[in-house]
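Undergrad: My file is query_25.cif. It has mmCIF, C-alpha atoms and all ligand atoms:
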data_entry
#
loop_
_atom_site.label_atom_id
_atom_site.label_comp_id
_atom_site.auth_asym_id
_atom_site.auth_seq_id
_atom_site.Cartn_x
_atom_site.Cartn_y
_atom_site.Cartn_z
CA MET A 1 157.81 -22.63 25.70
CA THR A 2 154.98 -22.41 23.17
CA ASP A 3 154.29 -19.73 20.63
CA ALA A 4 150.75 -20.89 19.89
CA ILE A 5 148.30 -18.09 19.20
CA THR A 6 145.40 -18.49 21.55
CA THR A 7 143.42 -15.29 21.10
CA ARG A 8 139.87 -15.40 19.78
CA PRO A 9 136.89 -13.07 20.05
CA PRO A 10 135.32 -12.85 23.52
CA ALA A 11 132.21 -14.97 24.05
CA THR A 12 128.85 -13.22 24.14
CA GLY A 13 128.13 -11.92 27.64
CA GLN A 14 131.77 -11.29 28.45
CA SER A 15 131.58 -7.56 27.74
CA GLY A 16 130.22 -6.87 31.25
CA ILE A 17 133.27 -8.58 32.77
CA ALA A 18 135.58 -6.67 30.42
CA ALA A 19 134.04 -3.33 31.42
CA GLN A 20 134.34 -4.17 35.13
CA VAL A 21 137.99 -5.17 34.84
CA ALA A 22 138.80 -2.11 32.72
CA ALA A 23 137.25 0.16 35.36
CA ARG A 24 139.21 -1.50 38.19
CA LEU A 25 142.49 -1.22 36.31
CA GLU A 26 141.86 2.41 35.40
CA ARG A 27 141.16 3.21 39.07
CA ALA A 28 144.35 1.40 40.11
CA ARG A 29 146.32 3.47 37.60
CA THR A 30 144.83 6.85 38.52
CA THR A 31 145.09 6.25 42.29
CA CYS A 32 148.51 4.56 41.97
CA THR A 33 147.28 1.67 44.10
CA ALA A 34 147.75 -2.02 43.34
CA ILE A 35 144.67 -4.23 43.25
CA PRO A 36 144.14 -8.00 43.59
CA PRO A 37 144.09 -9.83 40.24
CA ALA A 38 140.65 -9.66 38.66
CA SER A 39 140.62 -13.43 38.16
CA ASP A 40 140.47 -13.85 41.97
CA ASP A 41 136.76 -13.01 41.97
CA LEU A 42 135.91 -13.01 38.23
CA PRO A 43 136.72 -16.56 37.07
CA GLY A 44 134.98 -15.76 33.75
CA LEU A 45 137.94 -13.57 32.79
CA ASP A 46 139.42 -15.59 29.92
CA LEU A 47 142.15 -14.64 27.48
CA ALA A 48 139.79 -13.26 24.83
CA THR A 49 138.14 -11.07 27.48
CA GLY A 50 141.61 -9.92 28.62
CA TYR A 51 142.28 -8.66 25.09
CA GLU A 52 138.84 -7.03 25.06
CA VAL A 53 139.85 -5.08 28.21
CA GLN A 54 143.04 -4.05 26.40
CA ARG A 55 140.95 -2.72 23.48
CA LEU A 56 138.85 -0.68 25.93
CA HIS A 57 142.03 0.90 27.35
CA ARG A 58 143.35 1.54 23.85
CA ALA A 59 140.19 3.40 22.91
CA GLN A 60 140.92 5.84 25.78
CA ALA A 61 144.68 6.11 25.14
CA GLY A 62 146.64 8.61 23.07
CA PRO A 63 147.75 7.88 19.49
CA LEU A 64 149.26 4.44 18.93
CA VAL A 65 153.05 4.46 18.52
CA GLY A 66 153.64 0.72 18.42
CA TRP A 67 153.34 -2.63 20.17
CA LYS A 68 155.07 -4.74 22.77
CA LEU A 69 155.62 -8.43 23.17
CA GLY A 70 155.48 -9.78 26.69
CA VAL A 71 156.76 -12.88 28.42
CA THR A 72 158.75 -14.13 25.42
CA SER A 73 161.85 -15.26 27.32
CA ARG A 74 162.29 -18.09 29.79
CA ALA A 75 163.73 -15.62 32.32
CA LYS A 76 160.51 -13.58 32.17
CA GLN A 77 158.27 -16.66 32.18
CA MET A 78 159.96 -17.92 35.33
CA GLN A 79 159.70 -14.48 36.96
CA VAL A 80 155.95 -14.03 36.45
CA GLY A 81 154.63 -17.58 36.07
CA VAL A 82 153.07 -17.01 32.63
CA HIS A 83 154.23 -19.40 29.93
CA GLU A 84 152.95 -18.04 26.62
CA PRO A 85 153.75 -14.80 24.80
CA ILE A 86 151.31 -11.95 25.10
CA ARG A 87 151.03 -8.55 23.41
CA GLY A 88 150.19 -5.01 24.42
CA PHE A 89 149.91 -1.64 22.72
CA LEU A 90 152.17 1.40 23.08
CA ALA A 91 150.71 4.91 22.94
CA THR A 92 152.21 8.38 23.22
CA GLU A 93 151.84 8.42 27.02
CA HIS A 94 154.19 5.44 27.29
CA VAL A 95 157.12 7.25 25.62
CA LEU A 96 160.11 8.51 27.63
CA ASP A 97 162.68 10.65 25.82
CA ILE A 98 166.39 9.81 25.98
CA GLY A 99 167.76 11.38 29.17
CA GLU A 100 164.31 11.93 30.66
CA PRO A 101 164.21 10.50 34.19
CA LEU A 102 161.58 8.01 35.32
CA GLN A 103 159.34 9.60 37.94
CA THR A 104 158.95 6.53 40.13
CA ARG A 105 156.36 8.18 42.37
CA GLN A 106 153.95 8.19 39.42
CA HIS A 107 154.14 4.39 39.39
CA ILE A 108 153.04 1.59 41.69
CA GLN A 109 155.88 -0.96 41.53
CA PRO A 110 158.08 -0.13 38.52
CA ARG A 111 160.51 -2.65 37.07
CA CYS A 112 162.93 -2.24 34.12
CA GLU A 113 163.98 -4.72 31.48
CA PRO A 114 166.19 -4.62 28.35
CA GLU A 115 164.57 -4.92 24.94
CA ILE A 116 165.62 -5.21 21.32
CA VAL A 117 163.43 -2.65 19.55
CA LEU A 118 162.42 -2.90 15.89
CA ILE A 119 161.29 0.16 13.95
CA MET A 120 159.10 -0.83 11.04
CA GLY A 121 160.03 0.45 7.59
CA SER A 122 156.89 -0.81 5.89
CA ASP A 123 153.44 -2.10 6.80
CA LEU A 124 153.24 -5.78 7.68
CA ALA A 125 150.12 -7.90 8.25
CA GLY A 126 148.77 -11.37 7.73
CA PRO A 127 148.25 -14.76 9.36
CA HIS A 128 151.38 -16.40 7.89
CA VAL A 129 154.05 -13.76 8.46
CA SER A 130 157.52 -15.19 9.19
CA ALA A 131 160.65 -13.87 10.92
CA SER A 132 162.18 -13.28 7.47
CA ASP A 133 159.18 -11.15 6.48
CA VAL A 134 159.65 -9.13 9.68
CA LEU A 135 163.33 -8.48 8.98
CA ALA A 136 162.54 -7.43 5.41
CA ALA A 137 159.99 -4.91 6.74
CA THR A 138 162.28 -3.56 9.49
CA ALA A 139 163.92 -0.16 8.93
CA ALA A 140 166.20 -0.17 11.96
CA VAL A 141 166.80 -1.65 15.40
CA ALA A 142 167.68 -0.07 18.73
CA VAL A 143 168.41 -0.89 22.35
CA GLY A 144 165.44 -0.17 24.60
CA ILE A 145 164.48 -0.15 28.27
CA GLU A 146 160.90 -0.98 29.10
CA VAL A 147 159.40 0.14 32.40
CA LEU A 148 156.76 -2.29 33.59
CA ASP A 149 154.26 -1.40 36.29
CA SER A 150 151.75 -4.11 37.06
CA ARG A 151 148.51 -2.79 38.49
CA TYR A 152 148.20 -6.10 40.39
CA GLN A 153 149.57 -6.57 43.89
CA ASP A 154 153.08 -8.09 43.85
CA TYR A 155 152.88 -8.87 40.11
CA ARG A 156 150.54 -11.76 40.93
CA PHE A 157 148.34 -12.49 37.90
CA THR A 158 147.06 -15.08 35.45
CA MET A 159 147.60 -14.71 31.72
CA PRO A 160 144.14 -13.11 31.13
CA ASP A 161 144.82 -10.70 34.04
CA VAL A 162 148.13 -9.49 32.63
CA VAL A 163 146.73 -9.19 29.10
CA ALA A 164 143.91 -7.04 30.51
CA ASP A 165 146.58 -4.89 32.17
CA ASN A 166 148.15 -4.24 28.73
CA ALA A 167 151.06 -6.58 29.55
CA SER A 168 152.11 -4.29 32.45
CA ALA A 169 153.12 -1.59 29.92
CA SER A 170 154.04 1.68 31.57
CA ARG A 171 156.94 3.55 29.89
CA PHE A 172 159.73 2.86 27.45
CA VAL A 173 162.80 4.61 26.10
CA ILE A 174 164.81 3.67 23.03
CA GLY A 175 168.37 4.47 21.95
CA THR A 176 169.57 5.69 18.56
CA PRO A 177 168.35 3.32 15.82
CA VAL A 178 170.95 1.51 13.68
CA PRO A 179 170.43 -0.42 10.42
CA VAL A 180 169.61 -4.09 10.98
CA ALA A 181 171.59 -5.34 7.94
CA GLY A 182 174.54 -7.46 9.00
CA ILE A 183 173.40 -7.91 12.63
CA ASP A 184 172.37 -11.40 13.75
CA LEU A 185 169.82 -10.44 16.40
CA ARG A 186 169.99 -13.92 17.96
CA LEU A 187 173.64 -13.54 18.82
CA VAL A 188 173.85 -10.04 20.26
CA GLY A 189 174.84 -10.06 23.93
CA VAL A 190 172.66 -8.23 26.43
CA VAL A 191 173.69 -6.85 29.84
CA LEU A 192 171.31 -5.17 32.29
CA GLU A 193 172.98 -3.15 35.04
CA HIS A 194 171.30 -1.72 38.11
CA ARG A 195 173.06 0.61 40.56
CA GLY A 196 176.36 -0.19 38.83
CA GLU A 197 176.03 -3.96 39.20
CA VAL A 198 175.14 -6.56 36.61
CA PHE A 199 171.55 -7.68 37.27
CA GLY A 200 171.05 -9.97 34.27
CA THR A 201 172.59 -11.14 31.01
CA ALA A 202 171.11 -12.73 27.90
CA SER A 203 171.40 -12.89 24.15
CA GLY A 204 168.84 -11.84 21.53
CA ALA A 205 167.81 -15.47 21.09
CA ALA A 206 166.20 -15.31 24.55
CA SER A 207 163.07 -13.85 22.92
CA LEU A 208 161.34 -16.83 21.26
CA GLY A 209 164.62 -17.88 19.60
CA HIS A 210 164.90 -14.65 17.57
CA PRO A 211 163.42 -11.18 18.19
CA ALA A 212 162.05 -11.20 14.63
CA ALA A 213 160.28 -14.50 15.36
CA ALA A 214 158.66 -12.83 18.37
CA VAL A 215 157.50 -9.95 16.16
CA ALA A 216 156.19 -12.45 13.58
CA TRP A 217 154.10 -13.99 16.41
CA LEU A 218 152.80 -10.49 17.17
CA VAL A 219 151.80 -9.91 13.54
CA ARG A 220 150.02 -13.27 13.29
CA SER A 221 148.24 -12.55 16.58
CA LEU A 222 147.13 -9.10 15.36
CA ALA A 223 145.91 -10.67 12.10
CA LEU A 224 143.27 -12.55 14.10
CA GLU A 225 141.73 -9.16 14.82
CA GLY A 226 142.21 -7.77 11.31
CA GLU A 227 145.12 -5.58 12.40
CA GLY A 228 148.78 -5.34 11.48
CA LEU A 229 151.91 -3.25 11.88
CA ARG A 230 152.33 0.12 10.17
CA ALA A 231 155.52 1.72 8.87
CA GLY A 232 157.14 3.81 11.61
CA GLU A 233 155.73 1.79 14.49
CA ILE A 234 158.03 0.87 17.36
CA ILE A 235 158.02 -2.76 18.47
CA LEU A 236 159.44 -3.93 21.82
CA SER A 237 160.28 -7.52 20.96
CA GLY A 238 160.22 -8.83 24.55
CA GLY A 239 162.18 -8.45 27.78
CA LEU A 240 165.39 -10.47 27.53
CA THR A 241 166.35 -10.81 31.21
CA ALA A 242 164.19 -10.75 34.32
CA ALA A 243 163.00 -7.22 35.12
CA VAL A 244 164.68 -5.31 37.94
CA PRO A 245 162.58 -3.39 40.52
CA VAL A 246 163.55 0.31 40.63
CA GLY A 247 163.12 3.21 43.04
CA PRO A 248 164.25 6.83 43.47
CA GLY A 249 167.99 7.32 42.90
CA ASP A 250 168.46 4.13 40.88
CA VAL A 251 170.18 4.09 37.50
CA VAL A 252 169.54 1.29 35.02
CA VAL A 253 171.78 0.69 32.00
CA ALA A 254 170.92 -1.69 29.15
CA THR A 255 173.74 -2.57 26.78
CA ILE A 256 173.19 -4.64 23.65
CA ASP A 257 176.11 -5.61 21.42
CA ARG A 258 176.04 -3.72 18.08
CA LEU A 259 173.03 -1.63 19.23
CA GLY A 260 174.70 0.39 22.01
CA SER A 261 174.03 1.42 25.61
CA LEU A 262 171.05 3.21 27.09
CA GLU A 263 170.73 4.67 30.58
CA LEU A 264 167.58 5.42 32.56
CA ALA A 265 167.80 7.46 35.76
CA CYS A 266 165.02 7.11 38.31
CA GLN A 267 163.79 9.94 40.54
O1 LIG B 301 157.11 -7.05 28.76
C1 LIG B 301 156.95 -8.08 29.44
O2 LIG B 301 157.57 -9.15 29.20
C2 LIG B 301 156.02 -8.01 30.60
C3 LIG B 301 154.79 -8.75 30.42
C4 LIG B 301 154.00 -8.78 31.68
C5 LIG B 301 154.67 -9.51 32.79
C6 LIG B 301 155.37 -8.57 33.72
O3 LIG B 301 154.72 -7.66 34.24
O4 LIG B 301 156.55 -8.76 33.96
MG MG B 302 158.94 -5.96 27.94
#
Could you render the structure as structure tokens?

TA:
Amino acid sequence: MTDAITTRPPATGQSGIAAQVAARLERARTTCTAIPPASDDLPGLDLATGYEVQRLHRAQAGPLVGWKLGVTSRAKQMQVGVHEPIRGFLATEHVLDIGEPLQTRQHIQPRCEPEIVLIMGSDLAGPHVSASDVLAATAAVAVGIEVLDSRYQDYRFTMPDVVADNASASRFVIGTPVPVAGIDLRLVGVVLEHRGEVFGTASGAASLGHPAAAVAWLVRSLALEGEGLRAGEIILSGGLTAAVPVGPGDVVVATIDRLGSLELACQ
């Protein structure tokens, strides 16, 4: 597993590819129809162009509420065949309230995964930010469930594809925040249940060794684009188990030691 930061500005001439991919993904989302990965016929789609597509989507999205890490655990890397962390943005349309059901028919192929969520207490930016810096800037932590919904058929994608698709971000819900002081986020146990059965287990260390280390990677990655985290932002630090596919009638429960339990019902 590497946590190298590989983003850089897109090469000149890539903006046409970015616009094409953004339009395809937007159509897939509005028609609720999966598409083949863009890299199948656009080999010029590199990682920098993937992040350019993400910026195009962000410009059309509602107000930013936070960020997500993707593919930070070995379980997730094995599931989707991508072997470096990625990031995506979270906007108001991604938010589910506690107790609000997931309307699966509004999604293409939804999957749920458990997350340790950090709520920032102060701004944080810079190319050398460490996990300790992240913890010092964190106001609280919470259990979260992220709903992924890849716009690509069967979740088949390359790293630039999935970055362009905003790291499959679709919805998320978070539990009641608790103070982080005194909690070793590496050691907290994680259980994901689906239809009353255990689907996956993990500990906080599954996300790049420490959820705060994953968030430090995010901050350093954002610094390459002159951005950073703002106080109040919500950070999904990375799915800890593989993600479970969900459909109408399913109930998913994520339990994280010291952070609590969170249930998501699917309609
Ligand atoms: O949040 C994640 O780890 C997901 C990143 C994209 C890969 C996927 O769709 O599972
Ligand atoms: Mg996730």

Undergrad: Excluding A:Gly247 and any residue of its chain fewer than 4 positions from it, enumerate the residues within 10 Å of it, using all atoms listed in the file, and give them as a ChimeraX atom specification.

TA: /A:102-105,107,109-111,251,265-267

Undergrad: Please check which protein, DNA or RNA residues sit within 9 Å of ligand MG 302 (chain B), counting all atoms listed in the file, and write them as a VMD selection string.

TA: chain A and resid 68 to 72 76 112 to 115 145 to 148 167 to 169 172 236 to 240 243

Undergrad: So which residues touch A:Val198 within 12 Å, counting all atoms listed in the file, skipping near sequence neighbours fewer than 5 positions away, as an NGL selection string?

TA: :A and (190-193 or 241-242 or 244 or 251-255)

Undergrad: With all atoms listed in the file as the basis for distance, which of A:Arg171, A:Arg220, A:His128, A:His210 is at the shortest distance from ligand LIG 301 (chain B)?

TA: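 Result for the nearest residue to ligand LIG 301 (chain B): A:Arg171.
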
Undergrad: Looking at A:Gln20, A:Ser221, A:Ser132, A:Ser73, which one is nearest to ligand LIG 301 (chain B), with distances taken over only C-alpha atoms and all ligand atoms?

TA: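 So, comparing all the options, the nearest one is A:Ser73.
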
Undergrad: Let me make sure I understand: among A:Val21, A:Ala34, A:Leu135, A:Val163, which one has the smallest atom-to-atom distance to ligand LIG 301 (chain B) if we use all atoms listed in the file?

TA: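 Between A:Val21, A:Ala34, A:Leu135, A:Val163, the residue approaching ligand LIG 301 (chain B) most closely is A:Val163.
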
Undergrad: Determine the axis-aligned bounding box of all atoms of ligand LIG 301 (chain B) present in the file, pad each side by 5 Å, and express its centre and edge lengths in Å to one decimal place as AutoDock Vina command-line options.

TA:
--center_x 155.8 --center_y -8.3 --center_z 31.5 --size_x 13.6 --size_y 12.5 --size_z 15.5

Undergrad: Please, what distance in Å, to one decimal, runs between atom CA of A:Asp41 and atom CA of A:Tyr155?

TA: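 Value for the atom CA of A:Asp41-atom CA of A:Tyr155 distance: 16.7 Å.
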
Undergrad: Find the distance between atom CA of A:Gly88 and atom CA of A:Asn166 and write it in Å to one decimal.

TA: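 Value for the atom CA of A:Gly88-atom CA of A:Asn166 distance: 4.8 Å.
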
Undergrad: Quick one: residues within 9 Å of A:Ala231, only C-alpha atoms counted, chain neighbours fewer than 6 positions away excluded, as a list of chain:residue names?

TA: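 Listing them by chain and then by number gives A:Ile119, A:Met120, A:Gly121, A:Ser122, A:Asp123, A:Leu124, A:Ala137, A:Thr138, A:Ala139.
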
Undergrad: What does the distance between atom CA of A:Ala212 and atom C5 of ligand LIG 301 (chain B) come to in Å, to one decimal place?

TA: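 Between atom CA of A:Ala212 and atom C5 of ligand LIG 301 (chain B) the gap is 19.7 Å.
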
Undergrad: Check the smallest atom-to-atom distance from each of A:Arg55, A:Arg156, A:His94, A:Arg258 to ligand LIG 301 (chain B) using only C-alpha atoms and all ligand atoms, then report the winner.

TA: A:Arg156

Undergrad: So, with all atoms listed in the file as the atoms that count, which of A:Leu262, A:Ile234, A:Leu218, A:Ala28 lies closest to A:Val129?

TA: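 Distance minimum relative to A:Val129 lands on A:Leu218.
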
Undergrad: Identify, on the basis of all atoms listed in the file, every residue whose closest approach to stretch 13-18 of chain A does not exceed 12 Å; exclude the query and any residue fewer than 4 positions from it along the same chain; express the result as a PDB file with C-alpha atoms, in the frame of the given file.

TA:
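Below is the file around28.pdb, written as the result:
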ATOM      1  CA  PRO A   9     136.890 -13.070  20.050  1.00  0.00           C
ATOM      2  CA  ALA A  22     138.800  -2.110  32.720  1.00  0.00           C
ATOM      3  CA  ALA A  23     137.250   0.160  35.360  1.00  0.00           C
ATOM      4  CA  ARG A  24     139.210  -1.500  38.190  1.00  0.00           C
ATOM      5  CA  LEU A  25     142.490  -1.220  36.310  1.00  0.00           C
ATOM      6  CA  ALA A  38     140.650  -9.660  38.660  1.00  0.00           C
ATOM      7  CA  SER A  39     140.620 -13.430  38.160  1.00  0.00           C
ATOM      8  CA  ASP A  41     136.760 -13.010  41.970  1.00  0.00           C
ATOM      9  CA  LEU A  42     135.910 -13.010  38.230  1.00  0.00           C
ATOM     10  CA  PRO A  43     136.720 -16.560  37.070  1.00  0.00           C
ATOM     11  CA  GLY A  44     134.980 -15.760  33.750  1.00  0.00           C
ATOM     12  CA  LEU A  45     137.940 -13.570  32.790  1.00  0.00           C
ATOM     13  CA  ASP A  46     139.420 -15.590  29.920  1.00  0.00           C
ATOM     14  CA  LEU A  47     142.150 -14.640  27.480  1.00  0.00           C
ATOM     15  CA  ALA A  48     139.790 -13.260  24.830  1.00  0.00           C
ATOM     16  CA  THR A  49     138.140 -11.070  27.480  1.00  0.00           C
ATOM     17  CA  GLY A  50     141.610  -9.920  28.620  1.00  0.00           C
ATOM     18  CA  TYR A  51     142.280  -8.660  25.090  1.00  0.00           C
ATOM     19  CA  GLU A  52     138.840  -7.030  25.060  1.00  0.00           C
ATOM     20  CA  VAL A  53     139.850  -5.080  28.210  1.00  0.00           C
ATOM     21  CA  GLN A  54     143.040  -4.050  26.400  1.00  0.00           C
ATOM     22  CA  ARG A  55     140.950  -2.720  23.480  1.00  0.00           C
ATOM     23  CA  LEU A  56     138.850  -0.680  25.930  1.00  0.00           C
ATOM     24  CA  HIS A  57     142.030   0.900  27.350  1.00  0.00           C
ATOM     25  CA  PRO A 160     144.140 -13.110  31.130  1.00  0.00           C
ATOM     26  CA  ASP A 161     144.820 -10.700  34.040  1.00  0.00           C
ATOM     27  CA  VAL A 163     146.730  -9.190  29.100  1.00  0.00           C
ATOM     28  CA  ALA A 164     143.910  -7.040  30.510  1.00  0.00           C
ATOM     29  CA  ASP A 165     146.580  -4.890  32.170  1.00  0.00           C
TER      30      ASP A 165
END

Undergrad: Taking the point (150.1, 9.2, 23.2) as given in the file, collect each protein or nucleic acid residue that comes within 12 Å of it, counting all atoms listed in the file, and present the set as a list of chain:residue names.

TA: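 I get A:Arg58, A:Ala59, A:Gln60, A:Ala61, A:Gly62, A:Pro63, A:Leu64, A:Val65, A:Gly66, A:Phe89, A:Leu90, A:Ala91, A:Thr92, A:Glu93, A:His94, A:Val95, A:Leu96, A:Ser170, A:Arg171 for the residues within 12 Å of that point.
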
Undergrad: Have a look at A:Gly209, A:Gly144, A:Phe157, A:Arg29 and name the one nearest to A:Asp97; count all atoms listed in the file.

TA: A:Gly144

Undergrad: Return stretch 221-246 of chain A, completed with N, CA and C atoms, as a PDB file, keeping the file's coordinate frame.

TA:
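New file out37.pdb:
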ATOM      1  N   SER A 221     149.257 -12.747  15.537  1.00  0.00           N
ATOM      2  CA  SER A 221     148.240 -12.550  16.580  1.00  0.00           C
ATOM      3  C   SER A 221     147.332 -11.364  16.226  1.00  0.00           C
ATOM      4  N   LEU A 222     147.930 -10.270  15.746  1.00  0.00           N
ATOM      5  CA  LEU A 222     147.130  -9.100  15.360  1.00  0.00           C
ATOM      6  C   LEU A 222     146.222  -9.435  14.169  1.00  0.00           C
ATOM      7  N   ALA A 223     146.695 -10.331  13.297  1.00  0.00           N
ATOM      8  CA  ALA A 223     145.910 -10.670  12.100  1.00  0.00           C
ATOM      9  C   ALA A 223     144.568 -11.293  12.492  1.00  0.00           C
ATOM     10  N   LEU A 224     144.533 -11.954  13.650  1.00  0.00           N
ATOM     11  CA  LEU A 224     143.270 -12.550  14.100  1.00  0.00           C
ATOM     12  C   LEU A 224     142.213 -11.485  14.353  1.00  0.00           C
ATOM     13  N   GLU A 225     142.667 -10.252  14.574  1.00  0.00           N
ATOM     14  CA  GLU A 225     141.730  -9.160  14.820  1.00  0.00           C
ATOM     15  C   GLU A 225     141.689  -8.179  13.654  1.00  0.00           C
ATOM     16  N   GLY A 226     142.239  -8.616  12.506  1.00  0.00           N
ATOM     17  CA  GLY A 226     142.210  -7.770  11.310  1.00  0.00           C
ATOM     18  C   GLY A 226     143.139  -6.584  11.397  1.00  0.00           C
ATOM     19  N   GLU A 227     144.168  -6.685  12.261  1.00  0.00           N
ATOM     20  CA  GLU A 227     145.120  -5.580  12.400  1.00  0.00           C
ATOM     21  C   GLU A 227     146.498  -6.005  11.942  1.00  0.00           C
ATOM     22  N   GLY A 228     147.405  -5.050  11.861  1.00  0.00           N
ATOM     23  CA  GLY A 228     148.780  -5.340  11.480  1.00  0.00           C
ATOM     24  C   GLY A 228     149.678  -4.196  11.903  1.00  0.00           C
ATOM     25  N   LEU A 229     150.938  -4.296  11.542  1.00  0.00           N
ATOM     26  CA  LEU A 229     151.910  -3.250  11.880  1.00  0.00           C
ATOM     27  C   LEU A 229     151.942  -2.212  10.769  1.00  0.00           C
ATOM     28  N   ARG A 230     152.230  -0.969  11.149  1.00  0.00           N
ATOM     29  CA  ARG A 230     152.330   0.120  10.170  1.00  0.00           C
ATOM     30  C   ARG A 230     153.755   0.641  10.159  1.00  0.00           C
ATOM     31  N   ALA A 231     154.184   1.115   8.988  1.00  0.00           N
ATOM     32  CA  ALA A 231     155.520   1.720   8.870  1.00  0.00           C
ATOM     33  C   ALA A 231     155.689   2.802   9.935  1.00  0.00           C
ATOM     34  N   GLY A 232     156.849   2.809  10.578  1.00  0.00           N
ATOM     35  CA  GLY A 232     157.140   3.810  11.610  1.00  0.00           C
ATOM     36  C   GLY A 232     156.823   3.337  13.009  1.00  0.00           C
ATOM     37  N   GLU A 233     156.059   2.253  13.137  1.00  0.00           N
ATOM     38  CA  GLU A 233     155.730   1.790  14.490  1.00  0.00           C
ATOM     39  C   GLU A 233     156.957   1.192  15.176  1.00  0.00           C
ATOM     40  N   ILE A 234     156.934   1.326  16.493  1.00  0.00           N
ATOM     41  CA  ILE A 234     158.030   0.870  17.360  1.00  0.00           C
ATOM     42  C   ILE A 234     157.572  -0.437  18.010  1.00  0.00           C
ATOM     43  N   ILE A 235     158.404  -1.471  17.905  1.00  0.00           N
ATOM     44  CA  ILE A 235     158.020  -2.760  18.470  1.00  0.00           C
ATOM     45  C   ILE A 235     159.037  -3.187  19.521  1.00  0.00           C
ATOM     46  N   LEU A 236     158.595  -3.357  20.771  1.00  0.00           N
ATOM     47  CA  LEU A 236     159.440  -3.930  21.820  1.00  0.00           C
ATOM     48  C   LEU A 236     159.302  -5.447  21.703  1.00  0.00           C
ATOM     49  N   SER A 237     160.396  -6.112  21.346  1.00  0.00           N
ATOM     50  CA  SER A 237     160.280  -7.520  20.960  1.00  0.00           C
ATOM     51  C   SER A 237     160.287  -8.484  22.140  1.00  0.00           C
ATOM     52  N   GLY A 238     160.350  -7.963  23.365  1.00  0.00           N
ATOM     53  CA  GLY A 238     160.220  -8.830  24.550  1.00  0.00           C
ATOM     54  C   GLY A 238     161.403  -8.675  25.480  1.00  0.00           C
ATOM     55  N   GLY A 239     161.127  -8.591  26.767  1.00  0.00           N
ATOM     56  CA  GLY A 239     162.180  -8.450  27.780  1.00  0.00           C
ATOM     57  C   GLY A 239     163.116  -9.657  27.704  1.00  0.00           C
ATOM     58  N   LEU A 240     164.426  -9.395  27.774  1.00  0.00           N
ATOM     59  CA  LEU A 240     165.390 -10.470  27.530  1.00  0.00           C
ATOM     60  C   LEU A 240     165.921 -11.087  28.825  1.00  0.00           C
ATOM     61  N   THR A 241     165.962 -10.291  29.891  1.00  0.00           N
ATOM     62  CA  THR A 241     166.350 -10.810  31.210  1.00  0.00           C
ATOM     63  C   THR A 241     165.117 -10.654  32.104  1.00  0.00           C
ATOM     64  N   ALA A 242     165.223 -11.118  33.344  1.00  0.00           N
ATOM     65  CA  ALA A 242     164.190 -10.750  34.320  1.00  0.00           C
ATOM     66  C   ALA A 242     164.204  -9.231  34.469  1.00  0.00           C
ATOM     67  N   ALA A 243     163.104  -8.671  34.939  1.00  0.00           N
ATOM     68  CA  ALA A 243     163.000  -7.220  35.120  1.00  0.00           C
ATOM     69  C   ALA A 243     163.450  -6.851  36.531  1.00  0.00           C
ATOM     70  N   VAL A 244     164.158  -5.719  36.641  1.00  0.00           N
ATOM     71  CA  VAL A 244     164.680  -5.310  37.940  1.00  0.00           C
ATOM     72  C   VAL A 244     163.771  -4.240  38.568  1.00  0.00           C
ATOM     73  N   PRO A 245     163.370  -4.426  39.842  1.00  0.00           N
ATOM     74  CA  PRO A 245     162.580  -3.390  40.520  1.00  0.00           C
ATOM     75  C   PRO A 245     163.411  -2.126  40.708  1.00  0.00           C
ATOM     76  N   VAL A 246     162.800  -0.945  40.502  1.00  0.00           N
ATOM     77  CA  VAL A 246     163.550   0.310  40.630  1.00  0.00           C
ATOM     78  C   VAL A 246     162.830   1.287  41.560  1.00  0.00           C
TER      79      VAL A 246
END
